[in-house]
file run.txt (compact mmCIF, C-alpha atoms)
# COMPACT_ATOMS: atom_id res chain seq x y z
CA MET L 8 27.58 1.43 48.92
CA ARG L 9 27.10 -2.26 49.70
CA THR L 10 23.60 -1.45 50.95
CA PHE L 11 22.80 0.23 47.64
CA PHE L 12 23.91 -2.79 45.59
CA HIS L 13 21.99 -5.19 47.82
CA LEU L 14 18.88 -3.08 47.38
CA LEU L 15 19.47 -2.92 43.64
CA TYR L 16 19.83 -6.72 43.50
CA LYS L 17 16.57 -7.05 45.46
CA ASP L 18 14.74 -4.72 43.07
CA ILE L 19 16.05 -6.61 40.02
CA LEU L 20 14.74 -9.90 41.47
CA LEU L 21 11.34 -8.31 42.14
CA LEU L 22 11.17 -6.99 38.60
CA ILE L 23 12.14 -10.18 36.76
CA ARG L 24 9.74 -12.27 38.88
CA ASP L 25 6.86 -10.08 37.74
CA LYS L 26 6.27 -11.68 34.32
CA ALA L 27 3.18 -9.59 33.55
CA GLY L 28 5.07 -6.42 34.46
CA LEU L 29 7.96 -7.35 32.15
CA LEU L 30 5.54 -7.88 29.26
CA LEU L 31 3.97 -4.49 29.96
CA LEU L 32 7.35 -2.76 30.10
CA PHE L 33 9.06 -4.30 27.07
CA LEU L 34 6.61 -5.98 24.69
CA MET L 35 3.87 -3.33 24.89
CA PRO L 36 5.98 -0.51 23.35
CA LEU L 37 7.18 -2.84 20.57
CA ALA L 38 3.61 -3.89 19.77
CA LEU L 39 2.38 -0.28 19.86
CA VAL L 40 5.10 1.13 17.62
CA LEU L 41 4.63 -1.71 15.14
CA ILE L 42 0.82 -1.52 14.98
CA MET L 43 0.50 2.29 15.01
CA THR L 44 3.23 2.81 12.42
CA SER L 45 1.69 0.24 10.08
CA MET L 46 -1.73 1.88 10.45
CA GLN L 47 -0.51 5.44 9.97
CA ASP L 48 2.03 4.83 7.22
CA GLY L 49 -0.46 5.09 4.34
CA VAL L 50 -2.03 8.26 5.79
CA MET L 51 1.06 10.16 6.98
CA SER L 52 3.46 9.12 4.24
CA VAL L 53 4.35 12.13 2.12
CA ASN L 54 4.91 9.94 -0.95
CA MET L 55 1.45 8.29 -0.61
CA ASP L 56 2.84 4.82 -1.39
CA THR L 57 -0.60 3.30 -0.75
CA GLU L 58 -2.41 3.39 -4.11
CA ILE L 59 -6.00 4.66 -4.24
CA SER L 60 -8.36 2.62 -6.41
CA LEU L 61 -9.84 4.80 -9.17
CA ILE L 62 -12.09 4.14 -12.15
CA LEU L 63 -12.28 6.57 -15.09
CA LEU L 64 -15.25 6.81 -17.45
CA ASN L 65 -14.04 8.75 -20.51
CA ASP L 66 -17.06 9.58 -22.69
CA ASP L 67 -15.11 12.42 -24.33
CA GLU L 68 -12.61 10.12 -26.07
CA ASP L 69 -10.85 13.16 -27.50
CA THR L 70 -7.82 15.28 -26.58
CA ILE L 71 -8.97 16.30 -23.08
CA GLY L 72 -10.32 12.89 -22.08
CA ASN L 73 -7.47 10.88 -23.58
CA THR L 74 -4.77 13.11 -22.09
CA MET L 75 -6.46 12.98 -18.68
CA GLN L 76 -6.63 9.21 -18.96
CA LYS L 77 -2.94 9.04 -19.81
CA GLU L 78 -1.96 11.27 -16.86
CA LEU L 79 -4.02 9.25 -14.37
CA LYS L 80 -2.59 5.96 -15.63
CA LYS L 81 0.93 7.30 -15.02
CA ALA L 82 0.15 8.60 -11.51
CA ASP L 83 1.70 6.68 -8.62
CA VAL L 84 -1.06 7.84 -6.28
CA PHE L 85 -3.88 6.06 -8.14
CA ASN L 86 -4.46 2.51 -9.26
CA THR L 87 -6.48 3.55 -12.30
CA LYS L 88 -8.95 1.32 -14.16
CA ILE L 89 -10.60 2.39 -17.43
CA ALA L 90 -14.37 1.88 -17.33
CA LYS L 91 -14.76 1.20 -21.08
CA GLU L 92 -12.22 -1.63 -20.80
CA ILE L 93 -14.36 -3.28 -18.12
CA ASP L 94 -17.80 -2.57 -19.63
CA SER L 95 -18.09 -0.72 -22.94
CA SER L 96 -21.71 0.23 -22.17
CA MET L 97 -21.01 1.74 -18.74
CA THR L 98 -22.85 4.98 -17.98
CA GLU L 99 -22.43 7.73 -15.39
CA GLU L 100 -25.13 6.09 -13.24
CA ASP L 101 -23.26 2.77 -13.35
CA LEU L 102 -20.08 4.56 -12.29
CA ILE L 103 -21.83 6.14 -9.30
CA LYS L 104 -23.16 2.72 -8.21
CA LEU L 105 -19.65 1.24 -8.30
CA ILE L 106 -18.35 3.97 -6.00
CA ALA L 107 -21.39 3.84 -3.70
CA ASN L 108 -20.99 0.06 -3.34
CA GLY L 109 -17.35 0.43 -2.34
CA ASN L 110 -15.85 -1.24 -5.43
CA TYR L 111 -13.59 1.79 -5.95
CA LEU L 112 -12.67 4.71 -3.73
CA VAL L 113 -12.79 7.28 -6.55
CA GLY L 114 -14.65 7.58 -9.82
CA ILE L 115 -14.05 10.24 -12.50
CA TYR L 116 -16.49 11.02 -15.28
CA ILE L 117 -15.48 13.08 -18.35
CA PRO L 118 -18.62 14.02 -20.37
CA ASP L 119 -19.01 13.57 -24.11
CA SER L 120 -17.78 16.46 -26.35
CA THR L 121 -15.76 18.08 -23.54
CA THR L 122 -12.82 18.70 -25.90
CA GLU L 123 -15.03 19.91 -28.74
CA ASN L 124 -16.98 22.35 -26.57
CA LEU L 125 -13.88 23.73 -24.85
CA ALA L 126 -12.11 24.19 -28.19
CA GLU L 127 -15.10 26.00 -29.67
CA VAL L 128 -15.42 28.38 -26.73
CA PHE L 129 -11.68 28.95 -26.70
CA ARG L 130 -11.44 29.68 -30.42
CA ASN L 131 -14.40 32.05 -30.28
CA LYS L 132 -12.88 34.00 -27.40
CA LEU L 133 -9.50 34.22 -29.14
CA GLU L 134 -10.99 35.38 -32.46
CA ASN L 135 -13.03 38.08 -30.77
CA ALA L 136 -9.99 39.19 -28.76
CA PHE L 137 -7.76 39.45 -31.84
CA LYS L 138 -10.44 41.25 -33.88
CA GLY L 139 -11.39 43.60 -31.05
CA TYR L 140 -14.99 42.40 -30.95
CA PRO L 141 -16.97 42.24 -27.71
CA ASP L 142 -17.11 38.86 -25.99
CA ASP L 143 -20.08 36.99 -27.52
CA SER L 144 -18.63 33.51 -27.17
CA LEU L 145 -20.95 30.57 -27.57
CA LYS L 146 -23.03 29.74 -24.55
CA ILE L 147 -22.17 26.14 -23.80
CA LYS L 148 -23.82 24.33 -20.89
CA ASN L 149 -21.41 24.06 -17.98
CA ASP L 150 -22.12 20.33 -17.58
CA SER L 151 -20.52 19.64 -20.95
CA MET L 152 -17.15 20.86 -19.63
CA LEU L 153 -17.45 19.66 -16.04
CA ILE L 154 -15.24 16.78 -14.95
CA LYS L 155 -17.11 15.00 -12.17
CA VAL L 156 -15.35 13.26 -9.28
CA PHE L 157 -17.23 10.75 -7.14
CA ILE L 158 -15.68 9.65 -3.82
CA ASP L 159 -16.67 6.79 -1.56
CA PRO L 160 -18.32 8.29 1.58
CA VAL L 161 -16.10 6.15 3.88
CA VAL L 162 -13.01 8.08 2.78
CA LYS L 163 -11.80 10.45 5.49
CA PRO L 164 -11.78 14.22 4.76
CA SER L 165 -7.96 14.37 4.89
CA VAL L 166 -7.70 11.68 2.20
CA GLN L 167 -10.45 13.38 0.16
CA THR L 168 -8.37 16.56 0.17
CA THR L 169 -5.36 14.63 -1.12
CA ILE L 170 -7.43 12.96 -3.84
CA MET L 171 -9.01 16.21 -5.06
CA SER L 172 -5.66 17.99 -4.99
CA ASN L 173 -4.16 15.38 -7.30
CA VAL L 174 -7.16 15.33 -9.63
CA ARG L 175 -7.18 19.14 -9.92
CA GLU L 176 -3.45 19.11 -10.62
CA PHE L 177 -3.90 16.66 -13.50
CA SER L 178 -6.91 18.51 -14.95
CA LEU L 179 -5.13 21.89 -14.84
CA LYS L 180 -2.09 20.38 -16.53
CA VAL L 181 -4.26 18.95 -19.31
CA GLN L 182 -6.21 22.20 -19.72
CA ASN L 183 -3.06 24.33 -19.89
CA GLN L 184 -1.52 22.09 -22.55
CA PHE L 185 -4.75 22.16 -24.53
CA SER L 186 -5.09 25.96 -24.25
CA LEU L 187 -1.52 26.56 -25.41
CA LYS L 188 -2.07 24.20 -28.33
CA GLN L 189 -5.18 26.14 -29.39
CA ILE L 190 -3.31 29.46 -29.16
CA SER L 191 -0.51 27.97 -31.27
CA LEU L 192 -2.97 26.82 -33.96
CA MET L 193 -4.63 30.23 -33.96
CA LEU L 194 -1.28 32.03 -34.36
CA ASP L 195 -0.28 29.70 -37.18
CA SER L 196 -3.61 30.26 -38.96
CA MET L 197 -3.55 34.07 -38.60
CA SER L 198 0.12 34.41 -39.65
CA GLY L 199 -0.30 32.31 -42.76
CA GLY L 200 2.55 30.09 -41.69
CA ARG L 201 5.03 32.96 -41.27
CA ILE L 202 5.61 32.21 -37.58
CA LYS L 203 8.12 29.39 -37.16
CA ASN L 204 7.62 26.70 -34.46
CA PRO L 205 4.55 28.33 -32.86
CA ASP L 206 3.65 25.25 -30.74
CA LEU L 207 3.49 26.80 -27.24
CA SER L 208 2.32 23.52 -25.68
CA GLU L 209 5.91 22.26 -25.85
CA ILE L 210 7.09 24.94 -23.42
CA THR L 211 8.17 23.48 -20.09
CA GLY L 212 6.03 25.01 -17.38
CA LEU L 213 6.97 26.08 -13.89
CA SER L 214 7.81 23.24 -11.54
CA VAL L 215 7.76 23.11 -7.77
CA LYS L 216 10.35 21.20 -5.76
CA GLU L 217 9.65 20.29 -2.16
CA ASN L 218 12.56 20.67 0.25
CA VAL L 219 12.74 20.04 3.97
CA ALA L 220 14.34 22.87 5.94
CA ASN L 221 16.70 21.80 8.70
CA LYS L 222 19.49 23.43 10.65
CA SER L 223 22.25 21.32 9.11
CA GLY L 224 21.70 23.01 5.76
CA GLN L 225 21.59 19.64 4.01
CA GLU L 226 18.70 18.14 2.09
CA GLU L 227 17.17 15.38 4.16
CA MET L 228 14.39 12.84 3.74
CA SER L 229 10.86 14.13 4.31
CA PRO L 230 9.16 13.53 7.68
CA ASN L 231 7.03 10.38 7.81
CA SER L 232 5.11 8.18 10.24
CA ILE L 233 8.25 6.23 11.20
CA GLN L 234 10.10 9.34 12.37
CA HIS L 235 7.07 10.29 14.47
CA ASN L 236 6.18 6.92 15.95
CA VAL L 237 9.61 5.68 17.07
CA PRO L 238 10.26 8.58 19.50
CA ALA L 239 6.55 8.91 20.33
CA TRP L 240 6.04 5.35 21.57
CA THR L 241 9.43 5.31 23.22
CA LEU L 242 8.30 8.24 25.36
CA PHE L 243 4.94 6.60 26.00
CA ALA L 244 6.67 3.42 27.19
CA ILE L 245 9.07 5.40 29.37
CA PHE L 246 6.24 7.21 31.15
CA PHE L 247 4.21 4.04 31.47
CA ILE L 248 6.80 2.70 33.94
CA VAL L 249 5.01 4.79 36.58
CA VAL L 250 2.56 1.87 36.95
CA SER L 251 5.31 -0.65 37.71
CA PHE L 252 7.50 1.80 39.64
CA SER L 253 4.79 3.11 41.97
CA GLY L 254 3.27 -0.37 42.34
CA SER L 255 6.60 -1.79 43.49
CA ILE L 256 6.99 0.86 46.20
CA ILE L 257 3.39 0.53 47.44
CA LYS L 258 3.60 -3.27 47.49
CA GLU L 259 6.68 -3.15 49.74
CA ARG L 260 4.92 -0.60 51.91
CA GLU L 261 1.84 -2.81 52.24
CA ASP L 262 3.65 -6.09 53.02
CA GLY L 263 5.93 -4.45 55.59
CA SER L 264 9.17 -4.80 53.59
CA PHE L 265 9.67 -1.04 53.53
CA SER L 266 9.35 -0.72 57.33
CA ARG L 267 11.84 -3.55 57.90
CA LEU L 268 14.32 -1.96 55.51
CA MET L 269 14.04 1.39 57.27
CA THR L 270 14.93 -0.26 60.62
CA MET L 271 18.14 -1.58 59.09
CA PRO L 272 21.15 0.62 58.21
CA CYS L 273 19.32 1.86 55.10
CA SER L 274 18.24 5.42 54.48
CA TYR L 275 15.18 6.46 52.46
CA SER L 276 17.45 8.13 49.90
CA THR L 277 19.43 4.91 49.38
CA TYR L 278 16.21 2.94 49.07
CA MET L 279 14.87 5.29 46.40
CA SER L 280 18.24 5.52 44.62
CA SER L 281 18.31 1.78 43.95
CA LYS L 282 14.81 1.83 42.44
CA MET L 283 15.56 4.94 40.38
CA THR L 284 18.76 3.38 39.02
CA LEU L 285 17.00 0.16 38.05
CA TYR L 286 14.13 1.92 36.28
CA LEU L 287 16.51 4.32 34.57
CA PHE L 288 18.13 1.27 32.95
CA VAL L 289 14.67 -0.11 32.15
CA CYS L 290 13.85 3.10 30.27
CA ILE L 291 17.10 2.94 28.32
CA ILE L 292 16.44 -0.70 27.39
CA GLN L 293 12.96 0.29 26.20
CA PHE L 294 14.53 2.98 24.02
CA LEU L 295 17.04 0.52 22.55
CA LEU L 296 14.33 -2.07 21.81
CA VAL L 297 12.02 0.40 20.04
CA LEU L 298 15.01 1.83 18.16
CA ALA L 299 16.05 -1.67 17.05
CA MET L 300 12.48 -2.32 15.89
CA GLY L 301 12.54 0.88 13.84
CA ILE L 302 15.93 0.22 12.26
CA TRP L 303 15.83 -3.54 11.62
CA GLY L 304 12.24 -4.68 12.23
CA PHE L 305 10.31 -2.25 10.03
CA PRO L 306 12.03 -3.24 6.74
CA LEU L 307 10.94 -6.86 7.37
CA ILE L 308 7.29 -5.79 7.07
CA ASP L 309 7.81 -3.46 4.09
CA LEU L 310 8.02 -0.23 6.10
CA GLU L 311 10.79 2.30 5.76
CA ALA L 312 13.63 1.88 8.24
CA PHE L 313 14.07 4.48 10.96
CA VAL L 314 17.12 6.54 10.01
CA ILE L 315 19.23 7.30 13.08
CA ASP L 316 21.78 9.26 11.01
CA GLY L 317 24.26 9.98 13.81
CA CYS L 318 21.56 11.08 16.28
CA PHE L 319 21.84 8.15 18.71
CA PHE L 320 23.60 9.92 21.56
CA LYS L 321 21.47 13.04 21.14
CA LEU L 322 18.31 10.93 21.42
CA LEU L 323 19.81 9.08 24.39
CA PHE L 324 20.36 12.46 26.04
CA VAL L 325 16.65 13.27 25.66
CA VAL L 326 15.66 9.77 26.83
CA PHE L 327 17.74 10.24 29.99
CA PHE L 328 15.85 13.38 31.02
CA ALA L 329 12.50 11.89 30.00
CA SER L 330 13.31 8.89 32.18
CA LEU L 331 14.06 11.15 35.16
CA ALA L 332 10.71 12.88 34.61
CA ALA L 333 8.88 9.55 34.45
CA ILE L 334 10.63 8.22 37.58
CA GLY L 335 9.85 11.45 39.43
CA TYR L 336 6.20 11.19 38.40
CA GLY L 337 6.08 7.57 39.60
CA THR L 338 7.62 8.62 42.93
CA ALA L 339 4.94 11.27 43.43
CA ILE L 340 2.15 8.80 42.60
CA SER L 341 3.58 6.18 44.99
CA SER L 342 3.52 8.74 47.81
CA LEU L 343 0.02 10.04 47.12
CA ALA L 344 -1.68 6.70 46.38
CA THR L 345 -2.63 4.45 49.28
CA THR L 346 -3.11 1.19 47.33
CA GLN L 347 -1.65 -0.48 44.25
CA GLN L 348 -5.02 -0.24 42.51
CA GLN L 349 -5.13 3.52 42.99
CA ALA L 350 -1.59 3.92 41.68
CA ALA L 351 -2.23 1.65 38.67
CA ILE L 352 -5.48 3.33 37.65
CA PHE L 353 -4.35 6.91 38.19
CA GLY L 354 -0.91 6.29 36.71
CA SER L 355 -2.12 4.59 33.53
CA VAL L 356 -5.02 6.99 32.89
CA SER L 357 -2.92 10.10 33.55
CA VAL L 358 -0.14 8.90 31.24
CA VAL L 359 -2.66 8.22 28.46
CA ILE L 360 -4.11 11.73 28.89
CA LEU L 361 -0.67 13.37 28.99
CA SER L 362 0.36 11.44 25.88
CA ALA L 363 -2.85 12.37 24.05
CA ILE L 364 -2.44 16.11 24.65
CA GLY L 365 1.34 15.81 24.25
CA GLY L 366 1.26 14.81 20.59
CA ILE L 367 1.85 11.05 20.89
CA TRP L 368 -1.42 9.92 19.31
CA VAL L 369 -1.97 12.91 17.02
CA PRO L 370 0.66 15.56 16.11
CA VAL L 371 0.09 18.82 17.99
CA PHE L 372 -0.31 20.89 14.79
CA ALA L 373 -3.47 18.91 13.96
CA MET L 374 -5.13 19.61 17.34
CA PRO L 375 -7.74 22.28 18.17
CA ASN L 376 -6.33 25.51 19.60
CA PHE L 377 -7.26 24.82 23.23
CA LEU L 378 -5.46 21.44 23.08
CA LYS L 379 -2.42 23.10 21.54
CA VAL L 380 -2.25 25.32 24.63
CA LEU L 381 -2.66 22.33 26.98
CA SER L 382 0.06 20.41 25.14
CA HIS L 383 2.68 22.84 26.46
CA PHE L 384 2.02 21.47 29.96
CA SER L 385 2.60 17.83 29.05
CA PRO L 386 6.07 16.38 29.76
CA LEU L 387 5.59 14.01 26.83
CA ASN L 388 5.22 17.02 24.55
CA TRP L 389 8.56 18.35 25.78
CA GLY L 390 10.13 15.03 24.93
CA MET L 391 8.46 14.96 21.50
CA GLU L 392 9.60 18.50 20.66
CA ALA L 393 13.16 17.62 21.64
CA SER L 394 12.99 14.46 19.50
CA TYR L 395 11.64 16.42 16.53
CA GLU L 396 14.47 18.94 16.91
CA ILE L 397 17.05 16.16 16.71
CA ILE L 398 15.48 13.83 14.14
CA LEU L 399 13.81 16.26 11.74
CA ARG L 400 15.54 19.59 12.23
CA LYS L 401 19.01 18.06 12.76
CA SER L 402 19.61 20.21 15.83
CA ASN L 403 22.35 19.67 18.38
CA ILE L 404 22.12 19.08 22.12
CA VAL L 405 22.26 22.79 22.92
CA ASP L 406 19.05 23.35 20.95
CA VAL L 407 17.12 20.77 23.01
CA LEU L 408 18.39 21.92 26.42
CA PRO L 409 15.24 23.98 27.17
CA GLU L 410 12.97 20.94 26.74
CA CYS L 411 15.37 18.74 28.71
CA MET L 412 15.45 21.33 31.51
CA TYR L 413 11.63 21.33 31.59
CA LEU L 414 11.73 17.55 32.04
CA PHE L 415 14.37 17.86 34.77
CA ILE L 416 12.39 20.53 36.63
CA PHE L 417 9.26 18.37 36.34
CA ALA L 418 11.20 15.49 37.93
CA ILE L 419 12.48 17.70 40.77
CA VAL L 420 8.98 19.05 41.48
CA CYS L 421 7.60 15.49 41.61
CA PHE L 422 10.39 14.39 43.98
CA LEU L 423 9.69 17.38 46.23
CA ILE L 424 5.97 16.56 46.27
CA ALA L 425 6.79 13.00 47.34
CA VAL L 426 9.21 14.09 50.09
CA LEU L 427 6.99 16.85 51.46
CA TYR L 428 3.92 14.62 51.46
CA LYS L 429 5.88 11.90 53.30
CA LYS L 430 6.96 14.41 55.95
CA PHE L 431 3.42 15.77 56.20
CA LYS L 432 2.02 12.27 56.83
CA THR L 433 4.73 11.54 59.37
CA TYR L 434 3.70 14.53 61.45
call {"tool": "encode", "arguments": {"input": "run.txt", "output": "structure tokens"}}
result
Amino acid sequence: MRTFFHLLYKDILLLIRDKAGLLLLFLMPLALVLIMTSMQDGVMSVNMDTEISLILLNDDEDTIGNTMQKELKKADVFNTKIAKEIDSSMTEEDLIKLIANGNYLVGIYIPDSTTENLAEVFRNKLENAFKGYPDDSLKIKNDSMLIKVFIDPVVKPSVQTTIMSNVREFSLKVQNQFSLKQISLMLDSMSGGRIKNPDLSEITGLSVKENVANKSGQEEMSPNSIQHNVPAWTLFAIFFIVVSFSGSIIKEREDGSFSRLMTMPCSYSTYMSSKMTLYLFVCIIQFLLVLAMGIWGFPLIDLEAFVIDGCFFKLLFVVFFASLAAIGYGTAISSLATTQQQAAIFGSVSVVILSAIGGIWVPVFAMPNFLKVLSHFSPLNWGMEASYEIILRKSNIVDVLPECMYLFIFAIVCFLIAVLYKKFKTY
């Protein structure tokens, strides 16, 4: 046991003397989680807290246009400016130029007489329907009832979809209220005032409430970029220790330290146990640092805090098995690589690839089908799925045992590769 502690002390000294390695192990994950979360927050946030600049040119200036203007001004998604308040002579062409020049992300144009034309068509259709006449409603040019939306070409397709979804929602709401109002006026006119309170536009329509399904049966906060990035970059940092871990072993092998240790009363298993113990604690410290950044650091830069909500020990359980997998992977690389450069290049590149297909950079559901299949073979994906189960689905440890067992088996396979390759080289 004394040999183990002496080896552990030696490994700690080697680690703390490597200043560049310490920065890579501890500051890199903090920088990554901070930068990536800040970048993704506006895109991934369900509440769309980042306002989208919008300018509205309302040439209708009647019920449809004014109601649409009112709805857009109230919307949290858009930072709406009214074109006529900026330039009373602004035209559709001027609006297009503003969007094309990047002054606004979105421009909406409501043509003149939109309300009048829609009301005329609507009344004509209703009168013919009530009288049993064939449909000979007035032929109005489509452009006179077409709300045009202009979007800056730099806007990504995913954001365009969000913008158009919100605009369509507002336009349908306005149209439905207008249609019900027209029906109410028609009923009042045809009944000669005998129908009491015929205003159908005051009826509260169907509403949709979004709920997040989880196994606890309680209503929880919606998933966001913080809940993705904290576990994601923790796992990335854990697996990135393969560079330091394998480099340490190869360096001792190259300078003769390993051979001298093996001639002393020190077994290979004791030698590896000390390094595994040290780097297991390194992984746990990485987890605690990223967690602290999520809980206390994010609110300082106006991001939502990471909500641990009683999941600390469950996440620590996953981190433990992910750490074993990372250490096992580093052991295999240290056995297969002949130089530190080989281990560093292969280790860093392979971890980046495994993280990319494992859902660290982009969630798996957004990947092409062939990458979704490949993601099942990435140990980082197993760690991410276990983290999602705990953080988002409020699962217990039993539910994440399959993913943890995959990580453990991966570690065992890597250890076996290292041992068998060492024996093969010996003979």
call {"tool": "residues_around", "arguments": {"input": "run.txt", "residues": "L:Ile398", "least_positions_apart": "2", "cutoff": "8 Å", "atoms": "only C-alpha atoms", "output": "ChimeraX atom specification"}}
result
/L:234,315,318,394-396,400-402
call {"tool": "residues_near_point", "arguments": {"input": "run.txt", "point": "(-8.8, 30.9, -32.0)", "cutoff": "10 Å", "atoms": "only C-alpha atoms", "output": "VMD selection string"}}
result
chain L and resid 126 to 137 186 189 to 194 196 to 197
call {"tool": "atom_distance", "arguments": {"input": "run.txt", "atom1": "atom CA of L:Phe243", "atom2": "atom CA of L:Thr277"}}
result
27.6 Å
call {"tool": "atom_distance", "arguments": {"input": "run.txt", "atom1": "atom CA of L:Gly301", "atom2": "atom CA of L:Tyr286"}}
result
22.5 Å
call {"tool": "residues_around", "arguments": {"input": "run.txt", "residues": "L:Ala90", "least_positions_apart": "4", "cutoff": "9 Å", "atoms": "all atoms listed in the file", "output": "list in words"}}
result
Ile62, Leu63, Leu64, Asn65, Asp94, Ser95, Ser96, Met97 and Leu102 of chain L
call {"tool": "residues_around", "arguments": {"input": "run.txt", "residues": "L:Ser280", "least_positions_apart": "6", "cutoff": "10 Å", "atoms": "only C-alpha atoms", "output": "list in words"}}
result
Phe11, Leu14, Leu15, Ser274 and Tyr286 of chain L
call {"tool": "residues_around", "arguments": {"input": "run.txt", "residues": "L:Arg260", "least_positions_apart": "3", "cutoff": "12 Å", "atoms": "only C-alpha atoms", "output": "number ranges by chain"}}
result
L: 253-257, 263-269, 341-342, 344-347
call {"tool": "write_last_selection", "arguments": {"input": "run.txt", "atoms": "C-alpha atoms", "output": "short mmCIF file (atom, residue, chain, number, x, y, z; two decimals), in the frame of the given file"}}
result
data_model
loop_
_atom_site.label_atom_id
_atom_site.label_comp_id
_atom_site.auth_asym_id
_atom_site.auth_seq_id
_atom_site.Cartn_x
_atom_site.Cartn_y
_atom_site.Cartn_z
CA SER L 253 4.79 3.11 41.97
CA GLY L 254 3.27 -0.37 42.34
CA SER L 255 6.60 -1.79 43.49
CA ILE L 256 6.99 0.86 46.20
CA ILE L 257 3.39 0.53 47.44
CA GLY L 263 5.93 -4.45 55.59
CA SER L 264 9.17 -4.80 53.59
CA PHE L 265 9.67 -1.04 53.53
CA SER L 266 9.35 -0.72 57.33
CA ARG L 267 11.84 -3.55 57.90
CA LEU L 268 14.32 -1.96 55.51
CA MET L 269 14.04 1.39 57.27
CA SER L 341 3.58 6.18 44.99
CA SER L 342 3.52 8.74 47.81
CA ALA L 344 -1.68 6.70 46.38
CA THR L 345 -2.63 4.45 49.28
CA THR L 346 -3.11 1.19 47.33
CA GLN L 347 -1.65 -0.48 44.25
#
call {"tool": "residues_near_point", "arguments": {"input": "run.txt", "point": "(-3.0, 14.8, -6.6)", "cutoff": "10 Å", "atoms": "all atoms listed in the file", "output": "ChimeraX atom specification"}}
result
/L:55,79,82-85,168-178
call {"tool": "atom_distance", "arguments": {"input": "run.txt", "atom1": "atom CA of L:Gly365", "atom2": "atom CA of L:Pro306"}}
result
28.0 Å
call {"tool": "closest_residue", "arguments": {"input": "run.txt", "among": "L:Ile291, L:Leu125, L:Ile158, L:Val181", "to": "L:Leu32", "atoms": "only C-alpha atoms"}}
result
L:Ile291
call {"tool": "residues_around", "arguments": {"input": "run.txt", "residues": "L:Pro370", "least_positions_apart": "6", "cutoff": "12 Å", "atoms": "only C-alpha atoms", "output": "list in words"}}
result
Gln47, Met51, Asn231, Ser232, Gln234, His235, Asn236, Ala239, Ser362, Ala363, Ile364, Leu378, Lys379, Ser382, Leu387, Asn388, Met391, Glu392 and Tyr395 of chain L
call {"tool": "write_last_selection", "arguments": {"input": "run.txt", "atoms": "C-alpha atoms", "output": "PDB file, in the coordinates of the input"}}
result
ATOM      1  CA  GLN L  47      -0.510   5.440   9.970  1.00  0.00           C
ATOM      2  CA  MET L  51       1.060  10.160   6.980  1.00  0.00           C
ATOM      3  CA  ASN L 231       7.030  10.380   7.810  1.00  0.00           C
ATOM      4  CA  SER L 232       5.110   8.180  10.240  1.00  0.00           C
ATOM      5  CA  GLN L 234      10.100   9.340  12.370  1.00  0.00           C
ATOM      6  CA  HIS L 235       7.070  10.290  14.470  1.00  0.00           C
ATOM      7  CA  ASN L 236       6.180   6.920  15.950  1.00  0.00           C
ATOM      8  CA  ALA L 239       6.550   8.910  20.330  1.00  0.00           C
ATOM      9  CA  SER L 362       0.360  11.440  25.880  1.00  0.00           C
ATOM     10  CA  ALA L 363      -2.850  12.370  24.050  1.00  0.00           C
ATOM     11  CA  ILE L 364      -2.440  16.110  24.650  1.00  0.00           C
ATOM     12  CA  LEU L 378      -5.460  21.440  23.080  1.00  0.00           C
ATOM     13  CA  LYS L 379      -2.420  23.100  21.540  1.00  0.00           C
ATOM     14  CA  SER L 382       0.060  20.410  25.140  1.00  0.00           C
ATOM     15  CA  LEU L 387       5.590  14.010  26.830  1.00  0.00           C
ATOM     16  CA  ASN L 388       5.220  17.020  24.550  1.00  0.00           C
ATOM     17  CA  MET L 391       8.460  14.960  21.500  1.00  0.00           C
ATOM     18  CA  GLU L 392       9.600  18.500  20.660  1.00  0.00           C
ATOM     19  CA  TYR L 395      11.640  16.420  16.530  1.00  0.00           C
TER      20      TYR L 395
END
call {"tool": "closest_residue", "arguments": {"input": "run.txt", "among": "L:Ala425, L:Asn86, L:Ile59, L:Pro160", "to": "L:Ile106", "atoms": "all atoms listed in the file"}}
result
L:Pro160
call {"tool": "closest_residue", "arguments": {"input": "run.txt", "among": "L:Asn110, L:Ser45, L:Gln349, L:Thr10", "to": "L:Phe305", "atoms": "all atoms listed in the file"}}
result
L:Ser45
call {"tool": "closest_residue", "arguments": {"input": "run.txt", "among": "L:Ala333, L:Gly390, L:Val405, L:Tyr116", "to": "L:Lys91", "atoms": "all atoms listed in the file"}}
result
L:Tyr116
call {"tool": "closest_residue", "arguments": {"input": "run.txt", "among": "L:Met279, L:Ala244, L:Leu361, L:Leu29", "to": "L:Gln293", "atoms": "only C-alpha atoms"}}
result
L:Ala244
